[in-house]
$ cat final.cif   # mmCIF, C-alpha atoms and all ligand atoms
data_data
loop_
_atom_site.group_PDB
_atom_site.id
_atom_site.type_symbol
_atom_site.label_atom_id
_atom_site.label_comp_id
_atom_site.auth_asym_id
_atom_site.auth_seq_id
_atom_site.Cartn_x
_atom_site.Cartn_y
_atom_site.Cartn_z
ATOM 1 C CA MET A 1297 3.473 -7.384 20.426
ATOM 2 C CA ALA A 1298 2.934 -7.465 16.676
ATOM 3 C CA VAL A 1299 4.548 -5.931 13.609
ATOM 4 C CA LEU A 1300 2.873 -3.839 10.928
ATOM 5 C CA VAL A 1301 4.702 -3.245 7.659
ATOM 6 C CA LEU A 1302 3.457 -0.702 5.130
ATOM 7 C CA LEU A 1303 4.926 -1.090 1.664
ATOM 8 C CA ARG A 1304 4.228 1.215 -1.253
ATOM 9 C CA HIS A 1305 4.317 -0.684 -4.548
ATOM 10 C CA GLY A 1306 7.451 -0.450 -6.692
ATOM 11 C CA LYS A 1307 7.519 1.933 -9.676
ATOM 12 C CA SER A 1308 4.814 1.125 -12.195
ATOM 13 C CA MET A 1309 5.049 1.551 -15.961
ATOM 14 C CA TRP A 1310 2.965 4.723 -15.640
ATOM 15 C CA ASN A 1311 5.020 6.080 -12.707
ATOM 16 C CA LYS A 1312 7.961 5.913 -15.088
ATOM 17 C CA LEU A 1313 6.027 7.913 -17.709
ATOM 18 C CA ASN A 1314 4.925 10.433 -15.037
ATOM 19 C CA LEU A 1315 1.222 9.795 -15.702
ATOM 20 C CA PHE A 1316 -1.581 10.173 -13.148
ATOM 21 C CA THR A 1317 -2.566 6.569 -12.447
ATOM 22 C CA GLY A 1318 -5.108 6.262 -9.617
ATOM 23 C CA TRP A 1319 -7.321 3.238 -10.303
ATOM 24 C CA VAL A 1320 -5.856 2.441 -13.745
ATOM 25 C CA ASP A 1321 -4.524 -1.083 -13.319
ATOM 26 C CA VAL A 1322 -0.947 -0.693 -14.578
ATOM 27 C CA PRO A 1323 1.746 -3.289 -13.773
ATOM 28 C CA LEU A 1324 5.194 -2.754 -12.292
ATOM 29 C CA ALA A 1325 8.052 -1.537 -14.450
ATOM 30 C CA GLU A 1326 11.256 -3.589 -14.377
ATOM 31 C CA GLU A 1327 12.646 -1.049 -11.889
ATOM 32 C CA GLY A 1328 9.578 -1.646 -9.688
ATOM 33 C CA ILE A 1329 10.210 -5.393 -9.750
ATOM 34 C CA ASP A 1330 13.775 -4.726 -8.532
ATOM 35 C CA GLU A 1331 12.417 -2.466 -5.770
ATOM 36 C CA ALA A 1332 10.003 -5.220 -4.676
ATOM 37 C CA LEU A 1333 12.867 -7.734 -4.567
ATOM 38 C CA LYS A 1334 14.958 -5.316 -2.475
ATOM 39 C CA ALA A 1335 12.055 -4.736 -0.087
ATOM 40 C CA GLY A 1336 11.645 -8.524 0.164
ATOM 41 C CA GLU A 1337 15.327 -8.897 1.018
ATOM 42 C CA ARG A 1338 14.943 -6.395 3.880
ATOM 43 C CA LEU A 1339 11.802 -8.146 5.120
ATOM 44 C CA LYS A 1340 12.987 -11.713 4.561
ATOM 45 C CA ASN A 1341 13.054 -12.595 8.274
ATOM 46 C CA CYS A 1342 9.758 -10.896 9.080
ATOM 47 C CA CYS A 1343 7.275 -13.735 9.631
ATOM 48 C CA PHE A 1344 3.903 -12.385 8.517
ATOM 49 C CA ASP A 1345 0.587 -13.960 9.506
ATOM 50 C CA GLU A 1346 -1.560 -12.114 6.971
ATOM 51 C CA VAL A 1347 -0.997 -9.911 3.928
ATOM 52 C CA TYR A 1348 -3.320 -7.225 2.557
ATOM 53 C CA THR A 1349 -3.068 -5.626 -0.880
ATOM 54 C CA SER A 1350 -5.366 -3.371 -2.877
ATOM 55 C CA VAL A 1351 -7.161 -4.906 -5.859
ATOM 56 C CA LEU A 1352 -4.650 -3.219 -8.213
ATOM 57 C CA ILE A 1353 -1.994 -5.414 -9.816
ATOM 58 C CA ARG A 1354 0.977 -3.182 -8.881
ATOM 59 C CA SER A 1355 0.317 -3.705 -5.169
ATOM 60 C CA ILE A 1356 -0.341 -7.452 -5.607
ATOM 61 C CA GLN A 1357 2.849 -7.903 -7.651
ATOM 62 C CA THR A 1358 4.863 -5.978 -5.053
ATOM 63 C CA ALA A 1359 3.585 -8.162 -2.207
ATOM 64 C CA MET A 1360 4.119 -11.431 -4.052
ATOM 65 C CA ILE A 1361 7.535 -10.541 -5.476
ATOM 66 C CA SER A 1362 8.793 -9.329 -2.100
ATOM 67 C CA LEU A 1363 7.472 -12.504 -0.425
ATOM 68 C CA SER A 1364 9.482 -14.640 -2.866
ATOM 69 C CA LYS A 1365 12.477 -13.668 -0.658
ATOM 70 C CA ASN A 1366 10.778 -14.573 2.614
ATOM 71 C CA LYS A 1367 12.464 -17.163 4.810
ATOM 72 C CA CYS A 1368 9.557 -18.024 7.093
ATOM 73 C CA GLY A 1369 8.400 -21.050 5.127
ATOM 74 C CA LYS A 1370 4.834 -20.014 4.310
ATOM 75 C CA ILE A 1371 3.329 -19.999 0.822
ATOM 76 C CA PRO A 1372 1.407 -16.778 0.068
ATOM 77 C CA ILE A 1373 -1.979 -17.637 -1.452
ATOM 78 C CA ILE A 1374 -4.597 -15.100 -2.546
ATOM 79 C CA GLN A 1375 -7.890 -15.699 -0.750
ATOM 80 C CA HIS A 1376 -10.781 -15.458 -3.200
ATOM 81 C CA ASN A 1377 -14.368 -15.179 -2.078
ATOM 82 C CA GLU A 1378 -16.301 -17.186 -4.594
ATOM 83 C CA GLY A 1379 -16.816 -20.570 -6.231
ATOM 84 C CA LYS A 1380 -13.975 -22.561 -7.714
ATOM 85 C CA MET A 1381 -11.452 -19.864 -6.773
ATOM 86 C CA LYS A 1382 -12.415 -20.333 -3.132
ATOM 87 C CA ASP A 1383 -12.820 -24.082 -2.692
ATOM 88 C CA TRP A 1384 -9.800 -26.296 -3.056
ATOM 89 C CA ALA A 1385 -10.254 -30.063 -3.273
ATOM 90 C CA ASN A 1386 -7.080 -30.630 -1.298
ATOM 91 C CA MET A 1387 -5.104 -28.329 0.872
ATOM 92 C CA PRO A 1388 -1.642 -29.862 1.319
ATOM 93 C CA GLU A 1389 -1.059 -30.543 4.980
ATOM 94 C CA ASN A 1390 2.103 -29.327 6.719
ATOM 95 C CA ILE A 1391 2.621 -26.596 4.141
ATOM 96 C CA PRO A 1392 1.658 -23.403 5.938
ATOM 97 C CA VAL A 1393 -0.351 -20.845 4.012
ATOM 98 C CA LEU A 1394 0.179 -17.098 4.247
ATOM 99 C CA PRO A 1395 -3.262 -15.663 3.380
ATOM 100 C CA VAL A 1396 -3.251 -12.684 1.034
ATOM 101 C CA TYR A 1397 -6.409 -10.546 0.905
ATOM 102 C CA GLU A 1398 -7.207 -8.107 -1.922
ATOM 103 C CA ILE A 1399 -9.099 -5.121 -0.531
ATOM 104 C CA GLU A 1400 -10.587 -2.288 -2.601
ATOM 105 C CA GLU A 1401 -10.471 0.105 0.375
ATOM 106 C CA LEU A 1402 -6.659 0.015 0.066
ATOM 107 C CA ASN A 1403 -6.725 1.221 -3.560
ATOM 108 C CA GLU A 1404 -4.860 4.336 -4.607
ATOM 109 C CA ARG A 1405 -6.821 7.596 -4.455
ATOM 110 C CA TYR A 1406 -9.153 7.705 -7.491
ATOM 111 C CA TYR A 1407 -7.615 10.406 -9.701
ATOM 112 C CA GLY A 1408 -10.764 11.098 -11.760
ATOM 113 C CA ASN A 1409 -10.283 13.148 -14.926
ATOM 114 C CA LEU A 1410 -6.524 13.326 -14.394
ATOM 115 C CA GLN A 1411 -5.981 9.582 -14.861
ATOM 116 C CA GLY A 1412 -3.791 8.990 -17.919
ATOM 117 C CA LEU A 1413 -2.599 12.618 -18.135
ATOM 118 C CA ASN A 1414 1.006 13.690 -17.711
ATOM 119 C CA LYS A 1415 1.815 15.358 -14.355
ATOM 120 C CA GLN A 1416 4.330 17.791 -15.853
ATOM 121 C CA GLU A 1417 2.005 18.778 -18.737
ATOM 122 C CA MET A 1418 -0.825 19.387 -16.264
ATOM 123 C CA ALA A 1419 1.489 21.610 -14.183
ATOM 124 C CA GLU A 1420 2.277 23.624 -17.329
ATOM 125 C CA LYS A 1421 -1.416 23.893 -18.224
ATOM 126 C CA PHE A 1422 -2.971 24.611 -14.796
ATOM 127 C CA GLY A 1423 0.079 25.907 -12.891
ATOM 128 C CA ALA A 1424 2.426 23.960 -10.635
ATOM 129 C CA GLU A 1425 0.679 25.217 -7.492
ATOM 130 C CA MET A 1426 -2.774 24.010 -8.555
ATOM 131 C CA VAL A 1427 -1.435 20.603 -9.521
ATOM 132 C CA HIS A 1428 0.507 20.386 -6.252
ATOM 133 C CA ARG A 1429 -2.722 21.168 -4.391
ATOM 134 C CA TRP A 1430 -4.591 18.435 -6.273
ATOM 135 C CA ARG A 1431 -1.789 15.991 -5.482
ATOM 136 C CA ARG A 1432 -0.912 16.837 -1.902
ATOM 137 C CA SER A 1433 -3.530 18.884 -0.069
ATOM 138 C CA TYR A 1434 -5.726 16.985 2.363
ATOM 139 C CA ASP A 1435 -9.195 18.047 1.313
ATOM 140 C CA ILE A 1436 -9.004 19.496 -2.198
ATOM 141 C CA ASN A 1437 -10.384 17.110 -4.826
ATOM 142 C CA PRO A 1438 -8.657 16.726 -8.174
ATOM 143 C CA PRO A 1439 -11.289 17.165 -10.943
ATOM 144 C CA GLY A 1440 -13.735 14.234 -10.736
ATOM 145 C CA GLY A 1441 -11.485 12.391 -8.265
ATOM 146 C CA GLU A 1442 -10.912 11.668 -4.577
ATOM 147 C CA SER A 1443 -9.102 13.979 -2.169
ATOM 148 C CA LEU A 1444 -6.764 12.422 0.377
ATOM 149 C CA LYS A 1445 -9.599 12.978 2.869
ATOM 150 C CA ASP A 1446 -11.947 10.837 0.722
ATOM 151 C CA ASN A 1447 -9.215 8.210 0.521
ATOM 152 C CA TYR A 1448 -8.782 8.406 4.331
ATOM 153 C CA GLU A 1449 -12.514 8.010 4.862
ATOM 154 C CA ARG A 1450 -12.619 4.709 2.968
ATOM 155 C CA THR A 1451 -9.233 3.310 4.105
ATOM 156 C CA ILE A 1452 -9.254 4.088 7.826
ATOM 157 C CA PRO A 1453 -12.605 2.402 8.686
ATOM 158 C CA PHE A 1454 -11.197 -0.766 7.069
ATOM 159 C CA PHE A 1455 -7.895 -0.330 8.945
ATOM 160 C CA LYS A 1456 -9.704 0.107 12.261
ATOM 161 C CA SER A 1457 -12.184 -2.731 11.801
ATOM 162 C CA THR A 1458 -9.842 -5.327 10.287
ATOM 163 C CA ILE A 1459 -6.155 -4.540 10.780
ATOM 164 C CA ILE A 1460 -6.130 -3.246 14.364
ATOM 165 C CA PRO A 1461 -7.965 -6.306 15.774
ATOM 166 C CA LYS A 1462 -5.449 -8.591 14.011
ATOM 167 C CA LEU A 1463 -2.548 -6.644 15.527
ATOM 168 C CA GLN A 1464 -4.251 -6.916 18.919
ATOM 169 C CA GLU A 1465 -4.293 -10.697 18.439
ATOM 170 C CA GLY A 1466 -0.505 -10.481 17.964
ATOM 171 C CA LYS A 1467 -0.547 -11.084 14.206
ATOM 172 C CA ASN A 1468 2.211 -9.653 12.024
ATOM 173 C CA ILE A 1469 0.689 -7.862 9.053
ATOM 174 C CA LEU A 1470 2.027 -6.688 5.693
ATOM 175 C CA ILE A 1471 0.010 -4.075 3.799
ATOM 176 C CA SER A 1472 1.144 -3.533 0.221
ATOM 177 C CA ALA A 1473 -0.669 -0.522 -1.184
ATOM 178 C CA HIS A 1474 -0.242 2.955 -2.681
ATOM 179 C CA GLY A 1475 1.200 6.402 -2.065
ATOM 180 C CA ASN A 1476 -2.086 7.935 -0.958
ATOM 181 C CA SER A 1477 -3.849 5.029 0.755
ATOM 182 C CA LEU A 1478 -0.649 4.569 2.803
ATOM 183 C CA ARG A 1479 -0.373 8.319 3.508
ATOM 184 C CA ALA A 1480 -3.894 8.016 4.934
ATOM 185 C CA ILE A 1481 -2.839 5.120 7.186
ATOM 186 C CA VAL A 1482 0.332 6.901 8.347
ATOM 187 C CA LYS A 1483 -1.708 10.070 9.014
ATOM 188 C CA PHE A 1484 -3.943 7.997 11.260
ATOM 189 C CA ILE A 1485 -1.308 6.006 13.138
ATOM 190 C CA GLU A 1486 1.194 8.859 13.559
ATOM 191 C CA ASN A 1487 -1.559 11.393 14.166
ATOM 192 C CA ILE A 1488 -0.273 13.797 11.484
ATOM 193 C CA SER A 1489 -2.317 16.989 11.192
ATOM 194 C CA ASP A 1490 -4.199 18.072 8.044
ATOM 195 C CA ASN A 1491 -1.644 20.896 7.702
ATOM 196 C CA ASP A 1492 1.398 18.651 7.932
ATOM 197 C CA ILE A 1493 0.242 15.732 5.780
ATOM 198 C CA PRO A 1494 0.948 17.522 2.417
ATOM 199 C CA LYS A 1495 4.691 17.386 3.235
ATOM 200 C CA PHE A 1496 4.652 13.672 3.957
ATOM 201 C CA GLU A 1497 5.794 11.441 1.078
ATOM 202 C CA ILE A 1498 6.165 7.664 0.904
ATOM 203 C CA PRO A 1499 8.851 6.378 -1.445
ATOM 204 C CA THR A 1500 8.172 3.382 -3.701
ATOM 205 C CA GLY A 1501 9.396 0.004 -2.474
ATOM 206 C CA LYS A 1502 10.690 1.171 0.900
ATOM 207 C CA PRO A 1503 8.987 -0.587 3.820
ATOM 208 C CA LEU A 1504 7.769 1.411 6.823
ATOM 209 C CA ILE A 1505 7.907 -0.828 9.885
ATOM 210 C CA TYR A 1506 5.968 -0.339 13.126
ATOM 211 C CA ASP A 1507 5.806 -2.320 16.334
ATOM 212 C CA TYR A 1508 2.287 -2.457 17.732
ATOM 213 C CA LYS A 1509 2.479 -2.533 21.538
ATOM 214 C CA ASN A 1510 -0.030 -1.711 24.270
ATOM 215 C CA GLY A 1511 -2.457 -0.240 21.749
ATOM 216 C CA GLY A 1512 0.112 2.110 20.167
ATOM 217 C CA PHE A 1513 2.423 2.166 17.163
ATOM 218 C CA ILE A 1514 6.185 2.609 17.488
ATOM 219 C CA LYS A 1515 8.005 3.368 14.254
ATOM 220 C CA LYS A 1516 11.266 1.502 13.804
ATOM 221 C CA SER A 1517 14.128 3.601 12.517
ATOM 222 C CA ASP A 1518 15.589 2.688 9.120
ATOM 223 C CA ASP A 1519 18.615 0.857 10.478
ATOM 224 C CA GLU A 1520 16.356 -1.375 12.586
ATOM 225 C CA ASN A 1521 14.250 -2.216 9.545
ATOM 226 C CA ASP A 1522 14.941 -5.859 8.909
HETATM 227 O O1 LIG B 1601 -1.839 7.500 -8.885
HETATM 228 C C1 LIG B 1601 -0.767 8.032 -9.139
HETATM 229 O O2 LIG B 1601 -0.560 8.760 -10.126
HETATM 230 C C2 LIG B 1601 0.404 7.807 -8.192
HETATM 231 O O3 LIG B 1601 0.428 6.506 -7.780
HETATM 232 C C3 LIG B 1601 0.327 8.698 -6.989
HETATM 233 O O4 LIG B 1601 0.257 9.947 -7.480
HETATM 234 P P1 LIG B 1601 0.617 11.288 -6.674
HETATM 235 O O5 LIG B 1601 2.025 11.133 -6.212
HETATM 236 O O6 LIG B 1601 0.440 12.353 -7.705
HETATM 237 O O7 LIG B 1601 -0.390 11.411 -5.588
#

$ encode --input "final.cif" --output "structure tokens"
Amino acid sequence: MAVLVLLRHGKSMWNKLNLFTGWVDVPLAEEGIDEALKAGERLKNCCFDEVYTSVLIRSIQTAMISLSKNKCGKIPIIQHNEGKMKDWANMPENIPVLPVYEIEELNERYYGNLQGLNKQEMAEKFGAEMVHRWRRSYDINPPGGESLKDNYERTIPFFKSTIIPKLQEGKNILISAHGNSLRAIVKFIENISDNDIPKFEIPTGKPLIYDYKNGGFIKKSDDEND
């Protein structure tokens, strides 16, 4: 058996301003830092073997801040691919490393021309229904951006080729990512239909915890989440 935890980053400075963010690399707001600490408190006894984030700072901060609460004795270290960032002269022995991988496929949906615009102002300009469709429908693209389906088509091949084999090896995995890349993953693992996915929301900073057993995912209820 293995555990998979999906964690949406805490509130970012642009979430607080209600701006479309997508791939704009905005950091956490103070409130988001508190949410990451709270998530870390809930997950403090969950001994992860590997951690995956997107390449966006809000997901990396959320993972690292939440892991500052972890009681399993490993030091999270970002694994870089090249040169001096990759090769250490000395790796201290007897100090276990928790590898953290930054993966572009886990990025938020690319919001195209909407990035930097206010969600409420766009609803006033284009109508609440249109903006809701851009934000929540499965296969309607926001102008110049990715639909949830596009997001699914880049995130799920990565999830299948990298995350599932790790779970099969019995590794406990934390994925710290975004509202839409995580909606894509939940759609896949809970088999949510295209019609039902628009209603599914993931709150910031609240871990979703699954046991992976016999090739299937079992969602733990909130009161079991620790
Ligand atoms: O990119 C953004 O603006 C948010 O992180 C997610 O936005 P949404 O809730 O409008 O999809």

$ residues_around --input "final.cif" --residues "Gln1375 of chain A" --least-positions-apart "2" --cutoff "10 Å" --atoms "all atoms listed in the file" --output "PyMOL selection string"
chain A and resi 1372-1373+1377-1378+1381-1383+1394-1398

$ residues_near_ligand --input "final.cif" --ligand "ligand LIG 1601 (chain B)" --cutoff "8 Å" --atoms "all atoms listed in the file" --output "list in words"
Trp1310, Asn1311, Asn1314, Leu1315, Phe1316, Thr1317, Gly1318, Trp1319, Glu1404, Arg1405, Tyr1406, Tyr1407, Gln1411, Lys1415, Arg1431, Arg1432, His1474, Gly1475 and Asn1476 of chain A

$ closest_residue --input "final.cif" --among "A:Thr1451, A:Asn1341, A:Ser1489, A:Asn1414" --to "Ile1471 of chain A" --atoms "only C-alpha atoms"
A:Thr1451

$ atom_distance --input "final.cif" --atom1 "atom CA of Ala1385 of chain A" --atom2 "atom CA of Tyr1348 of chain A"
24.6 Å

$ closest_residue --input "final.cif" --among "A:Leu1300, A:Ile1391, A:Ile1371, A:Leu1402" --to "Leu1339 of chain A" --atoms "only C-alpha atoms"
A:Leu1300

$ residues_around --input "final.cif" --residues "segment 1353-1363 of chain A" --least-positions-apart "2" --cutoff "7 Å" --atoms "only C-alpha atoms" --output "MDAnalysis selection string"
chainID A and resid 1305:1306 1308 1321:1324 1332:1333 1335:1336 1349:1351 1365:1366 1472:1473

$ resolve_selection --input "final.cif" --expression "the PyMOL selection byres (((chain A and resi 1498) around 10) and not hetatm)" --output "ChimeraX atom specification"
/A:1302-1304,1474-1476,1478-1479,1482,1496-1497,1499-1504

$ residues_around --input "final.cif" --residues "Lys1445 of chain A" --least-positions-apart "4" --cutoff "7 Å" --atoms "all atoms listed in the file" --output "count of residues only"
3

$ atom_distance --input "final.cif" --atom1 "atom CA of Lys1462 of chain A" --atom2 "atom CA of Ala1298 of chain A"
8.9 Å

$ atom_distance --input "final.cif" --atom1 "atom CA of Met1297 of chain A" --atom2 "atom CA of Tyr1508 of chain A"
5.7 Å

$ closest_residue --input "final.cif" --among "A:Asn1491, A:Asn1468, A:Asn1447, A:Ser1477" --to "Asp1507 of chain A" --atoms "only C-alpha atoms"
A:Asn1468

$ resolve_selection --input "final.cif" --expression "the PyMOL selection byres (((chain A and resi 1458) around 12) and not hetatm)" --output "ChimeraX atom specification"
/A:1346-1348,1397,1399,1401-1402,1451-1457,1459-1465,1467,1469,1471

$ axis_aligned_box --input "final.cif" --around "segment 1434-1450 of chain A" --padding-each-side "4 Å" --output "JSON"
{"center_x": -9.7, "center_y": 12.1, "center_z": -3.0, "size_x": 16.0, "size_y": 22.8, "size_z": 23.8}

$ closest_residue --input "final.cif" --among "A:Pro1392, A:Asn1386, A:Cys1343, A:Asn1403" --to "Val1320 of chain A" --atoms "all atoms listed in the file"
A:Asn1403

$ residues_near_point --input "final.cif" --point "(1.5, 0.6, 15.6)" --cutoff "8 Å" --atoms "all atoms listed in the file" --output "PyMOL selection string"
chain A and resi 1299-1300+1485+1506-1509+1511-1515

$ closest_residue --input "final.cif" --among "A:Glu1425, A:Glu1442, A:Asp1345, A:Glu1417" --to "Gly1466 of chain A" --atoms "all atoms listed in the file"
A:Asp1345
